[in-house]
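Chemist: Data: input_26.pdb, PDB, N, CA, C and O atoms.
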```
MODEL        1
ATOM      1  N   ALA A   1     -15.151 113.008 106.095
ATOM      2  CA  ALA A   1     -14.977 113.584 107.408
ATOM      3  C   ALA A   1     -15.609 112.682 108.476
ATOM      4  O   ALA A   1     -15.030 112.490 109.526
ATOM      5  N   LYS A   2     -16.770 112.142 108.185
ATOM      6  CA  LYS A   2     -17.426 111.268 109.168
ATOM      7  C   LYS A   2     -16.588 110.019 109.422
ATOM      8  O   LYS A   2     -16.482 109.564 110.550
ATOM      9  N   ASP A   3     -16.005 109.444 108.350
ATOM     10  CA  ASP A   3     -15.156 108.259 108.501
ATOM     11  C   ASP A   3     -13.935 108.572 109.350
ATOM     12  O   ASP A   3     -13.535 107.775 110.201
ATOM     13  N   LEU A   4     -13.322 109.718 109.110
ATOM     14  CA  LEU A   4     -12.156 110.098 109.911
ATOM     15  C   LEU A   4     -12.522 110.214 111.383
ATOM     16  O   LEU A   4     -11.837 109.683 112.245
ATOM     17  N   LYS A   5     -13.596 110.907 111.671
ATOM     18  CA  LYS A   5     -13.994 111.102 113.063
ATOM     19  C   LYS A   5     -14.402 109.779 113.719
ATOM     20  O   LYS A   5     -14.168 109.589 114.900
ATOM     21  N   ALA A   6     -14.982 108.874 112.948
ATOM     22  CA  ALA A   6     -15.430 107.602 113.501
ATOM     23  C   ALA A   6     -14.272 106.638 113.755
ATOM     24  O   ALA A   6     -14.342 105.814 114.659
ATOM     25  N   ASN A   7     -13.206 106.734 112.956
ATOM     26  CA  ASN A   7     -12.133 105.750 113.030
ATOM     27  C   ASN A   7     -10.802 106.272 113.546
ATOM     28  O   ASN A   7      -9.835 105.529 113.597
ATOM     29  N   ALA A   8     -10.754 107.510 113.921
ATOM     30  CA  ALA A   8      -9.491 108.107 114.373
ATOM     31  C   ALA A   8      -9.594 108.478 115.844
ATOM     32  O   ALA A   8     -10.649 108.365 116.470
ATOM     33  N   CYS A   9      -8.488 108.920 116.366
ATOM     34  CA  CYS A   9      -8.445 109.430 117.734
ATOM     35  C   CYS A   9      -9.522 110.509 117.887
ATOM     36  O   CYS A   9      -9.715 111.326 116.986
ATOM     37  N   PRO A  10     -10.231 110.534 118.995
ATOM     38  CA  PRO A  10     -11.302 111.525 119.167
ATOM     39  C   PRO A  10     -10.817 112.979 119.092
ATOM     40  O   PRO A  10     -11.603 113.868 118.832
ATOM     41  N   ASP A  11      -9.548 113.199 119.289
ATOM     42  CA  ASP A  11      -9.016 114.558 119.262
ATOM     43  C   ASP A  11      -8.480 114.964 117.897
ATOM     44  O   ASP A  11      -7.816 115.999 117.776
ATOM     45  N   ILE A  12      -8.770 114.193 116.857
ATOM     46  CA  ILE A  12      -8.269 114.512 115.520
ATOM     47  C   ILE A  12      -8.714 115.914 115.112
ATOM     48  O   ILE A  12      -9.808 116.352 115.445
ATOM     49  N   LYS A  13      -7.854 116.610 114.427
ATOM     50  CA  LYS A  13      -8.162 117.939 113.911
ATOM     51  C   LYS A  13      -8.303 117.826 112.405
ATOM     52  O   LYS A  13      -7.433 117.291 111.717
ATOM     53  N   ILE A  14      -9.412 118.324 111.884
ATOM     54  CA  ILE A  14      -9.669 118.256 110.451
ATOM     55  C   ILE A  14      -9.883 119.676 109.936
ATOM     56  O   ILE A  14     -10.765 120.386 110.405
ATOM     57  N   PHE A  15      -9.062 120.042 108.962
ATOM     58  CA  PHE A  15      -9.152 121.350 108.328
ATOM     59  C   PHE A  15      -9.661 121.177 106.896
ATOM     60  O   PHE A  15      -9.273 120.238 106.214
ATOM     61  N   LEU A  16     -10.477 122.086 106.461
ATOM     62  CA  LEU A  16     -10.879 122.165 105.069
ATOM     63  C   LEU A  16     -10.115 123.340 104.472
ATOM     64  O   LEU A  16     -10.243 124.472 104.938
ATOM     65  N   ILE A  17      -9.284 123.049 103.460
ATOM     66  CA  ILE A  17      -8.423 124.068 102.872
ATOM     67  C   ILE A  17      -8.847 124.314 101.426
ATOM     68  O   ILE A  17      -8.891 123.392 100.618
ATOM     69  N   GLY A  18      -9.147 125.554 101.132
ATOM     70  CA  GLY A  18      -9.441 125.961  99.764
ATOM     71  C   GLY A  18      -8.210 126.631  99.183
ATOM     72  O   GLY A  18      -7.785 127.660  99.706
ATOM     73  N   ASN A  19      -7.634 126.065  98.149
ATOM     74  CA  ASN A  19      -6.430 126.624  97.534
ATOM     75  C   ASN A  19      -6.819 127.507  96.346
ATOM     76  O   ASN A  19      -7.962 127.519  95.912
ATOM     77  N   LYS A  20      -5.863 128.213  95.833
ATOM     78  CA  LYS A  20      -5.997 129.104  94.687
ATOM     79  C   LYS A  20      -6.903 130.292  95.001
ATOM     80  O   LYS A  20      -7.669 130.763  94.156
ATOM     81  N   ALA A  21      -6.826 130.800  96.201
ATOM     82  CA  ALA A  21      -7.629 131.954  96.600
ATOM     83  C   ALA A  21      -7.268 133.192  95.789
ATOM     84  O   ALA A  21      -8.045 134.142  95.731
ATOM     85  N   ASP A  22      -6.120 133.169  95.150
ATOM     86  CA  ASP A  22      -5.711 134.291  94.304
ATOM     87  C   ASP A  22      -6.474 134.319  92.975
ATOM     88  O   ASP A  22      -6.423 135.297  92.245
ATOM     89  N   LEU A  23      -7.219 133.266  92.674
ATOM     90  CA  LEU A  23      -7.967 133.174  91.416
ATOM     91  C   LEU A  23      -9.471 133.305  91.670
ATOM     92  O   LEU A  23     -10.270 132.473  91.233
ATOM     93  N   GLU A  24      -9.864 134.339  92.359
ATOM     94  CA  GLU A  24     -11.266 134.554  92.744
ATOM     95  C   GLU A  24     -12.208 134.481  91.535
ATOM     96  O   GLU A  24     -13.290 133.903  91.620
ATOM     97  N   GLU A  25     -11.791 135.032  90.415
ATOM     98  CA  GLU A  25     -12.652 135.061  89.224
ATOM     99  C   GLU A  25     -12.876 133.675  88.624
ATOM    100  O   GLU A  25     -13.803 133.475  87.846
ATOM    101  N   GLU A  26     -12.070 132.699  89.001
ATOM    102  CA  GLU A  26     -12.213 131.332  88.496
ATOM    103  C   GLU A  26     -12.778 130.372  89.552
ATOM    104  O   GLU A  26     -12.745 129.157  89.384
ATOM    105  N   ARG A  27     -13.299 130.916  90.615
ATOM    106  CA  ARG A  27     -13.817 130.125  91.737
ATOM    107  C   ARG A  27     -14.859 129.118  91.262
ATOM    108  O   ARG A  27     -15.760 129.442  90.503
ATOM    109  N   LYS A  28     -14.723 127.873  91.707
ATOM    110  CA  LYS A  28     -15.663 126.801  91.373
ATOM    111  C   LYS A  28     -16.679 126.569  92.494
ATOM    112  O   LYS A  28     -17.800 126.177  92.249
ATOM    113  N   ILE A  29     -16.235 126.777  93.735
ATOM    114  CA  ILE A  29     -17.094 126.546  94.897
ATOM    115  C   ILE A  29     -17.206 127.848  95.685
ATOM    116  O   ILE A  29     -16.187 128.400  96.111
ATOM    117  N   PRO A  30     -18.423 128.335  95.890
ATOM    118  CA  PRO A  30     -18.579 129.571  96.662
ATOM    119  C   PRO A  30     -18.068 129.393  98.099
ATOM    120  O   PRO A  30     -18.191 128.314  98.689
ATOM    121  N   LYS A  31     -17.497 130.450  98.633
ATOM    122  CA  LYS A  31     -16.966 130.412  99.998
ATOM    123  C   LYS A  31     -18.052 129.981 100.982
ATOM    124  O   LYS A  31     -17.796 129.220 101.910
ATOM    125  N   GLU A  32     -19.256 130.452 100.781
ATOM    126  CA  GLU A  32     -20.367 130.120 101.684
ATOM    127  C   GLU A  32     -20.653 128.616 101.699
ATOM    128  O   GLU A  32     -20.994 128.051 102.727
ATOM    129  N   LYS A  33     -20.499 127.975 100.542
ATOM    130  CA  LYS A  33     -20.726 126.519 100.465
ATOM    131  C   LYS A  33     -19.650 125.774 101.255
ATOM    132  O   LYS A  33     -19.946 124.804 101.958
ATOM    133  N   ALA A  34     -18.408 126.217 101.152
ATOM    134  CA  ALA A  34     -17.319 125.593 101.912
ATOM    135  C   ALA A  34     -17.531 125.800 103.407
ATOM    136  O   ALA A  34     -17.334 124.881 104.211
ATOM    137  N   GLU A  35     -17.948 126.999 103.800
ATOM    138  CA  GLU A  35     -18.215 127.272 105.219
ATOM    139  C   GLU A  35     -19.363 126.414 105.728
ATOM    140  O   GLU A  35     -19.339 125.922 106.859
ATOM    141  N   SER A  36     -20.381 126.215 104.898
ATOM    142  CA  SER A  36     -21.507 125.343 105.248
ATOM    143  C   SER A  36     -21.047 123.906 105.450
ATOM    144  O   SER A  36     -21.464 123.224 106.385
ATOM    145  N   PHE A  37     -20.188 123.434 104.535
ATOM    146  CA  PHE A  37     -19.626 122.082 104.625
ATOM    147  C   PHE A  37     -18.857 121.923 105.928
ATOM    148  O   PHE A  37     -18.999 120.918 106.620
ATOM    149  N   GLN A  38     -18.053 122.912 106.263
ATOM    150  CA  GLN A  38     -17.280 122.867 107.510
ATOM    151  C   GLN A  38     -18.204 122.717 108.719
ATOM    152  O   GLN A  38     -17.967 121.890 109.596
ATOM    153  N   LYS A  39     -19.247 123.492 108.751
ATOM    154  CA  LYS A  39     -20.186 123.431 109.886
ATOM    155  C   LYS A  39     -20.948 122.109 109.916
ATOM    156  O   LYS A  39     -21.108 121.498 110.966
ATOM    157  N   GLU A  40     -21.418 121.671 108.739
ATOM    158  CA  GLU A  40     -22.194 120.431 108.657
ATOM    159  C   GLU A  40     -21.401 119.232 109.171
ATOM    160  O   GLU A  40     -21.932 118.382 109.875
ATOM    161  N   TYR A  41     -20.128 119.157 108.814
ATOM    162  CA  TYR A  41     -19.301 118.017 109.198
ATOM    163  C   TYR A  41     -18.450 118.284 110.437
ATOM    164  O   TYR A  41     -17.610 117.465 110.793
ATOM    165  N   GLU A  42     -18.711 119.417 111.074
ATOM    166  CA  GLU A  42     -18.029 119.781 112.320
ATOM    167  C   GLU A  42     -16.506 119.722 112.183
ATOM    168  O   GLU A  42     -15.806 119.180 113.026
ATOM    169  N   LEU A  43     -16.013 120.292 111.079
ATOM    170  CA  LEU A  43     -14.572 120.364 110.866
ATOM    171  C   LEU A  43     -14.009 121.493 111.727
ATOM    172  O   LEU A  43     -14.699 122.463 112.026
ATOM    173  N   ASP A  44     -12.765 121.350 112.114
ATOM    174  CA  ASP A  44     -12.177 122.304 113.041
ATOM    175  C   ASP A  44     -11.944 123.686 112.445
ATOM    176  O   ASP A  44     -12.099 124.685 113.130
ATOM    177  N   ARG A  45     -11.561 123.739 111.205
ATOM    178  CA  ARG A  45     -11.274 125.030 110.571
ATOM    179  C   ARG A  45     -11.514 124.952 109.073
ATOM    180  O   ARG A  45     -11.357 123.907 108.450
ATOM    181  N   PHE A  46     -11.874 126.103 108.513
ATOM    182  CA  PHE A  46     -11.884 126.298 107.063
ATOM    183  C   PHE A  46     -11.009 127.507 106.806
ATOM    184  O   PHE A  46     -11.135 128.534 107.474
ATOM    185  N   MET A  47     -10.128 127.368 105.843
ATOM    186  CA  MET A  47      -9.253 128.481 105.505
ATOM    187  C   MET A  47      -8.979 128.444 104.009
ATOM    188  O   MET A  47      -8.801 127.374 103.428
ATOM    189  N   GLU A  48      -8.978 129.621 103.402
ATOM    190  CA  GLU A  48      -8.603 129.727 102.003
ATOM    191  C   GLU A  48      -7.144 130.146 101.923
ATOM    192  O   GLU A  48      -6.684 130.968 102.708
ATOM    193  N   THR A  49      -6.436 129.546 100.978
ATOM    194  CA  THR A  49      -5.008 129.811 100.829
ATOM    195  C   THR A  49      -4.664 130.014  99.357
ATOM    196  O   THR A  49      -5.483 129.775  98.484
ATOM    197  N   SER A  50      -3.446 130.428  99.138
ATOM    198  CA  SER A  50      -2.900 130.498  97.783
ATOM    199  C   SER A  50      -1.469 130.019  97.838
ATOM    200  O   SER A  50      -0.617 130.635  98.483
ATOM    201  N   ALA A  51      -1.210 128.919  97.161
ATOM    202  CA  ALA A  51       0.166 128.428  97.088
ATOM    203  C   ALA A  51       1.016 129.379  96.248
ATOM    204  O   ALA A  51       2.210 129.543  96.498
ATOM    205  N   LYS A  52       0.390 130.041  95.302
ATOM    206  CA  LYS A  52       1.120 130.952  94.416
ATOM    207  C   LYS A  52       1.616 132.199  95.156
ATOM    208  O   LYS A  52       2.764 132.584  95.040
ATOM    209  N   THR A  53       0.734 132.814  95.946
ATOM    210  CA  THR A  53       1.097 134.057  96.636
ATOM    211  C   THR A  53       1.546 133.827  98.072
ATOM    212  O   THR A  53       2.092 134.722  98.691
ATOM    213  N   GLY A  54       1.257 132.647  98.602
ATOM    214  CA  GLY A  54       1.586 132.360  99.996
ATOM    215  C   GLY A  54       0.526 132.830 100.972
ATOM    216  O   GLY A  54       0.699 132.716 102.187
ATOM    217  N   MET A  55      -0.582 133.345 100.463
ATOM    218  CA  MET A  55      -1.658 133.842 101.323
ATOM    219  C   MET A  55      -2.117 132.775 102.308
ATOM    220  O   MET A  55      -2.454 131.658 101.918
ATOM    221  N   ASN A  56      -2.089 133.092 103.573
ATOM    222  CA  ASN A  56      -2.543 132.240 104.680
ATOM    223  C   ASN A  56      -1.734 130.964 104.887
ATOM    224  O   ASN A  56      -2.131 130.117 105.682
ATOM    225  N   ALA A  57      -0.620 130.804 104.205
ATOM    226  CA  ALA A  57       0.184 129.584 104.369
ATOM    227  C   ALA A  57       0.735 129.492 105.793
ATOM    228  O   ALA A  57       0.552 128.475 106.471
ATOM    229  N   LYS A  58       1.396 130.520 106.261
ATOM    230  CA  LYS A  58       1.949 130.508 107.620
ATOM    231  C   LYS A  58       0.838 130.435 108.657
ATOM    232  O   LYS A  58       0.952 129.716 109.649
ATOM    233  N   GLU A  59      -0.238 131.160 108.413
ATOM    234  CA  GLU A  59      -1.361 131.174 109.360
ATOM    235  C   GLU A  59      -1.988 129.796 109.499
ATOM    236  O   GLU A  59      -2.356 129.383 110.598
ATOM    237  N   LEU A  60      -2.090 129.072 108.394
ATOM    238  CA  LEU A  60      -2.652 127.720 108.408
ATOM    239  C   LEU A  60      -1.830 126.794 109.306
ATOM    240  O   LEU A  60      -2.375 126.117 110.181
ATOM    241  N   PHE A  61      -0.519 126.787 109.110
ATOM    242  CA  PHE A  61       0.333 125.909 109.909
ATOM    243  C   PHE A  61       0.392 126.359 111.365
ATOM    244  O   PHE A  61       0.416 125.528 112.280
ATOM    245  N   ALA A  62       0.366 127.655 111.604
ATOM    246  CA  ALA A  62       0.360 128.163 112.974
ATOM    247  C   ALA A  62      -0.925 127.760 113.692
ATOM    248  O   ALA A  62      -0.893 127.340 114.855
ATOM    249  N   GLU A  63      -2.037 127.857 113.011
ATOM    250  CA  GLU A  63      -3.321 127.471 113.602
ATOM    251  C   GLU A  63      -3.362 125.970 113.895
ATOM    252  O   GLU A  63      -3.823 125.542 114.954
ATOM    253  N   ALA A  64      -2.873 125.164 112.973
ATOM    254  CA  ALA A  64      -2.838 123.711 113.191
ATOM    255  C   ALA A  64      -1.948 123.375 114.389
ATOM    256  O   ALA A  64      -2.331 122.581 115.250
ATOM    257  N   ALA A  65      -0.780 123.980 114.449
ATOM    258  CA  ALA A  65       0.136 123.718 115.563
ATOM    259  C   ALA A  65      -0.484 124.131 116.894
ATOM    260  O   ALA A  65      -0.369 123.422 117.892
ATOM    261  N   LYS A  66      -1.162 125.262 116.895
ATOM    262  CA  LYS A  66      -1.790 125.749 118.126
ATOM    263  C   LYS A  66      -2.869 124.784 118.614
ATOM    264  O   LYS A  66      -2.914 124.444 119.803
ATOM    265  N   LEU A  67      -3.712 124.307 117.704
ATOM    266  CA  LEU A  67      -4.766 123.364 118.096
ATOM    267  C   LEU A  67      -4.181 122.057 118.626
ATOM    268  O   LEU A  67      -4.636 121.525 119.637
ATOM    269  N   VAL A  68      -3.189 121.528 117.940
ATOM    270  CA  VAL A  68      -2.566 120.274 118.366
ATOM    271  C   VAL A  68      -1.868 120.461 119.713
ATOM    272  O   VAL A  68      -2.013 119.634 120.613
ATOM    273  N   TYR A  69      -1.149 121.545 119.873
ATOM    274  CA  TYR A  69      -0.458 121.801 121.135
ATOM    275  C   TYR A  69      -1.455 121.942 122.284
ATOM    276  O   TYR A  69      -1.239 121.380 123.369
ATOM    277  N   ASN A  70      -2.536 122.662 122.071
ATOM    278  CA  ASN A  70      -3.535 122.832 123.133
ATOM    279  C   ASN A  70      -4.121 121.495 123.568
ATOM    280  O   ASN A  70      -4.313 121.249 124.757
ATOM    281  N   ASP A  71      -4.402 120.609 122.619
ATOM    282  CA  ASP A  71      -4.903 119.280 122.972
ATOM    283  C   ASP A  71      -3.828 118.456 123.661
ATOM    284  O   ASP A  71      -4.087 117.791 124.655
ATOM    285  N   TYR A  72      -2.630 118.483 123.122
ATOM    286  CA  TYR A  72      -1.529 117.693 123.676
ATOM    287  C   TYR A  72      -1.232 118.105 125.116
ATOM    288  O   TYR A  72      -1.002 117.259 125.984
ATOM    289  N   SER A  73      -1.293 119.400 125.381
ATOM    290  CA  SER A  73      -0.958 119.882 126.712
ATOM    291  C   SER A  73      -1.982 119.462 127.773
ATOM    292  O   SER A  73      -1.715 119.541 128.959
ATOM    293  N   LYS A  74      -3.141 118.967 127.350
ATOM    294  CA  LYS A  74      -4.171 118.497 128.279
ATOM    295  C   LYS A  74      -3.812 117.135 128.876
ATOM    296  O   LYS A  74      -4.388 116.732 129.872
ATOM    297  N   TYR A  75      -2.913 116.429 128.229
ATOM    298  CA  TYR A  75      -2.611 115.057 128.620
ATOM    299  C   TYR A  75      -1.160 114.912 129.058
ATOM    300  O   TYR A  75      -0.269 115.540 128.524
ATOM    301  N   THR A  76      -0.935 114.005 130.000
ATOM    302  CA  THR A  76       0.455 113.699 130.355
ATOM    303  C   THR A  76       0.989 112.588 129.466
ATOM    304  O   THR A  76       2.155 112.515 129.180
ATOM    305  N   SER A  77       0.096 111.686 129.035
ATOM    306  CA  SER A  77       0.470 110.698 128.025
ATOM    307  C   SER A  77      -0.651 110.647 127.002
ATOM    308  O   SER A  77      -1.817 110.640 127.344
ATOM    309  N   TYR A  78      -0.295 110.621 125.779
ATOM    310  CA  TYR A  78      -1.250 110.648 124.680
ATOM    311  C   TYR A  78      -1.418 109.234 124.164
ATOM    312  O   TYR A  78      -0.520 108.675 123.558
ATOM    313  N   ASP A  79      -2.575 108.618 124.417
ATOM    314  CA  ASP A  79      -2.786 107.204 124.119
ATOM    315  C   ASP A  79      -3.662 106.933 122.904
ATOM    316  O   ASP A  79      -4.433 105.993 122.890
ATOM    317  N   CYS A  80      -3.574 107.709 121.869
ATOM    318  CA  CYS A  80      -4.385 107.457 120.672
ATOM    319  C   CYS A  80      -3.557 106.812 119.601
ATOM    320  O   CYS A  80      -2.398 106.910 119.524
TER     321      CYS A  80
ENDMDL
END
```
Could you write out this structure as structure tokens?

Modeler:
Amino acid sequence: AKDLKANACPDIKIFLIGNKADLEEERKIPKEKAESFQKEYELDRFMETSAKTGMNAKELFAEAAKLVYNDYSKYTSYDC
């Protein structure tokens, strides 16, 4: 995350996505640890999803589009 922020456009959006949320009983990383990681590295969003059930799939893409659109609309030309 630090490398991305250091070498990319300053407006880059970084999401931390936890997949397989439908398999709670097989969880390897506690949700709190992922949330801590997000805060520590100043990532834009953390979201848990499930490719199997579709949980949060639409919400993830909608949130990403909203963040990108809000940044894009601030500029008349995007020079990154």

Chemist: Just to confirm, what's the straight-line distance from atom CA of Ala34 of chain A to atom CA of Lys13 of chain A in Å (one decimal)?

Modeler: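 Interatomic distance, atom CA of Ala34 of chain A to atom CA of Lys13 of chain A: 16.9 Å.
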
Chemist: Using all atoms listed in the file, which residues sit within 8 Å of Met55 of chain A once same-chain residues fewer than 5 positions away are excluded, as a ChimeraX atom specification?

Modeler: /A:18-22,47-50,60

Chemist: On this structure, the PyMOL selection byres ((chain A and resi 43-45) around 8) would catch which residues? List them as a PyMOL selection string, sorted by chain and number.

Modeler: chain A and resi 1+12-18+34-42+46-48

Chemist: Going by DSSP on the backbone, which residues of segment 24-55 of chain A come out as strand (DSSP E or B)? List them as a list of chain:residue names.

Modeler: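 Assigned to strand (DSSP E or B), within segment 24-55 of chain A: A:Arg45, A:Phe46, A:Met47, A:Glu48.
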
Chemist: How many Å lie between atom CA of Asp11 of chain A and atom C of Lys31 of chain A, rounded to one decimal?

Modeler: 25.6 Å

Chemist: Determine which residues of chain A DSSP labels as helix (DSSP H, G or I) from the backbone of this structure, then write them out as a ChimeraX atom specification.

Modeler: /A:2-7,24-26,31-40,57-72

Chemist: Keeping only N, CA, C and O atoms, write those residues as a short mmCIF file (atom, residue, chain, number, x, y, z; two decimals), in the coordinates of the input.

Modeler:
```
data_model
loop_
_atom_site.label_atom_id
_atom_site.label_comp_id
_atom_site.auth_asym_id
_atom_site.auth_seq_id
_atom_site.Cartn_x
_atom_site.Cartn_y
_atom_site.Cartn_z
N LYS A 2 -16.77 112.14 108.18
CA LYS A 2 -17.43 111.27 109.17
C LYS A 2 -16.59 110.02 109.42
O LYS A 2 -16.48 109.56 110.55
N ASP A 3 -16.00 109.44 108.35
CA ASP A 3 -15.16 108.26 108.50
C ASP A 3 -13.94 108.57 109.35
O ASP A 3 -13.54 107.78 110.20
N LEU A 4 -13.32 109.72 109.11
CA LEU A 4 -12.16 110.10 109.91
C LEU A 4 -12.52 110.21 111.38
O LEU A 4 -11.84 109.68 112.24
N LYS A 5 -13.60 110.91 111.67
CA LYS A 5 -13.99 111.10 113.06
C LYS A 5 -14.40 109.78 113.72
O LYS A 5 -14.17 109.59 114.90
N ALA A 6 -14.98 108.87 112.95
CA ALA A 6 -15.43 107.60 113.50
C ALA A 6 -14.27 106.64 113.76
O ALA A 6 -14.34 105.81 114.66
N ASN A 7 -13.21 106.73 112.96
CA ASN A 7 -12.13 105.75 113.03
C ASN A 7 -10.80 106.27 113.55
O ASN A 7 -9.84 105.53 113.60
N GLU A 24 -9.86 134.34 92.36
CA GLU A 24 -11.27 134.55 92.74
C GLU A 24 -12.21 134.48 91.54
O GLU A 24 -13.29 133.90 91.62
N GLU A 25 -11.79 135.03 90.42
CA GLU A 25 -12.65 135.06 89.22
C GLU A 25 -12.88 133.68 88.62
O GLU A 25 -13.80 133.48 87.85
N GLU A 26 -12.07 132.70 89.00
CA GLU A 26 -12.21 131.33 88.50
C GLU A 26 -12.78 130.37 89.55
O GLU A 26 -12.74 129.16 89.38
N LYS A 31 -17.50 130.45 98.63
CA LYS A 31 -16.97 130.41 100.00
C LYS A 31 -18.05 129.98 100.98
O LYS A 31 -17.80 129.22 101.91
N GLU A 32 -19.26 130.45 100.78
CA GLU A 32 -20.37 130.12 101.68
C GLU A 32 -20.65 128.62 101.70
O GLU A 32 -20.99 128.05 102.73
N LYS A 33 -20.50 127.98 100.54
CA LYS A 33 -20.73 126.52 100.46
C LYS A 33 -19.65 125.77 101.26
O LYS A 33 -19.95 124.80 101.96
N ALA A 34 -18.41 126.22 101.15
CA ALA A 34 -17.32 125.59 101.91
C ALA A 34 -17.53 125.80 103.41
O ALA A 34 -17.33 124.88 104.21
N GLU A 35 -17.95 127.00 103.80
CA GLU A 35 -18.22 127.27 105.22
C GLU A 35 -19.36 126.41 105.73
O GLU A 35 -19.34 125.92 106.86
N SER A 36 -20.38 126.22 104.90
CA SER A 36 -21.51 125.34 105.25
C SER A 36 -21.05 123.91 105.45
O SER A 36 -21.46 123.22 106.38
N PHE A 37 -20.19 123.43 104.54
CA PHE A 37 -19.63 122.08 104.62
C PHE A 37 -18.86 121.92 105.93
O PHE A 37 -19.00 120.92 106.62
N GLN A 38 -18.05 122.91 106.26
CA GLN A 38 -17.28 122.87 107.51
C GLN A 38 -18.20 122.72 108.72
O GLN A 38 -17.97 121.89 109.60
N LYS A 39 -19.25 123.49 108.75
CA LYS A 39 -20.19 123.43 109.89
C LYS A 39 -20.95 122.11 109.92
O LYS A 39 -21.11 121.50 110.97
N GLU A 40 -21.42 121.67 108.74
CA GLU A 40 -22.19 120.43 108.66
C GLU A 40 -21.40 119.23 109.17
O GLU A 40 -21.93 118.38 109.88
N ALA A 57 -0.62 130.80 104.20
CA ALA A 57 0.18 129.58 104.37
C ALA A 57 0.74 129.49 105.79
O ALA A 57 0.55 128.48 106.47
N LYS A 58 1.40 130.52 106.26
CA LYS A 58 1.95 130.51 107.62
C LYS A 58 0.84 130.44 108.66
O LYS A 58 0.95 129.72 109.65
N GLU A 59 -0.24 131.16 108.41
CA GLU A 59 -1.36 131.17 109.36
C GLU A 59 -1.99 129.80 109.50
O GLU A 59 -2.36 129.38 110.60
N LEU A 60 -2.09 129.07 108.39
CA LEU A 60 -2.65 127.72 108.41
C LEU A 60 -1.83 126.79 109.31
O LEU A 60 -2.38 126.12 110.18
N PHE A 61 -0.52 126.79 109.11
CA PHE A 61 0.33 125.91 109.91
C PHE A 61 0.39 126.36 111.36
O PHE A 61 0.42 125.53 112.28
N ALA A 62 0.37 127.66 111.60
CA ALA A 62 0.36 128.16 112.97
C ALA A 62 -0.92 127.76 113.69
O ALA A 62 -0.89 127.34 114.86
N GLU A 63 -2.04 127.86 113.01
CA GLU A 63 -3.32 127.47 113.60
C GLU A 63 -3.36 125.97 113.90
O GLU A 63 -3.82 125.54 114.95
N ALA A 64 -2.87 125.16 112.97
CA ALA A 64 -2.84 123.71 113.19
C ALA A 64 -1.95 123.38 114.39
O ALA A 64 -2.33 122.58 115.25
N ALA A 65 -0.78 123.98 114.45
CA ALA A 65 0.14 123.72 115.56
C ALA A 65 -0.48 124.13 116.89
O ALA A 65 -0.37 123.42 117.89
N LYS A 66 -1.16 125.26 116.90
CA LYS A 66 -1.79 125.75 118.13
C LYS A 66 -2.87 124.78 118.61
O LYS A 66 -2.91 124.44 119.80
N LEU A 67 -3.71 124.31 117.70
CA LEU A 67 -4.77 123.36 118.10
C LEU A 67 -4.18 122.06 118.63
O LEU A 67 -4.64 121.52 119.64
N VAL A 68 -3.19 121.53 117.94
CA VAL A 68 -2.57 120.27 118.37
C VAL A 68 -1.87 120.46 119.71
O VAL A 68 -2.01 119.63 120.61
N TYR A 69 -1.15 121.54 119.87
CA TYR A 69 -0.46 121.80 121.14
C TYR A 69 -1.46 121.94 122.28
O TYR A 69 -1.24 121.38 123.37
N ASN A 70 -2.54 122.66 122.07
CA ASN A 70 -3.54 122.83 123.13
C ASN A 70 -4.12 121.50 123.57
O ASN A 70 -4.31 121.25 124.76
N ASP A 71 -4.40 120.61 122.62
CA ASP A 71 -4.90 119.28 122.97
C ASP A 71 -3.83 118.46 123.66
O ASP A 71 -4.09 117.79 124.66
N TYR A 72 -2.63 118.48 123.12
CA TYR A 72 -1.53 117.69 123.68
C TYR A 72 -1.23 118.10 125.12
O TYR A 72 -1.00 117.26 125.98
#
```

Chemist: Could you check how far atom CA of Ala57 of chain A sits from atom N of Leu23 of chain A, in Å to one decimal?

Modeler: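 Computed distance, atom CA of Ala57 of chain A to atom N of Leu23 of chain A, equals 14.3 Å.
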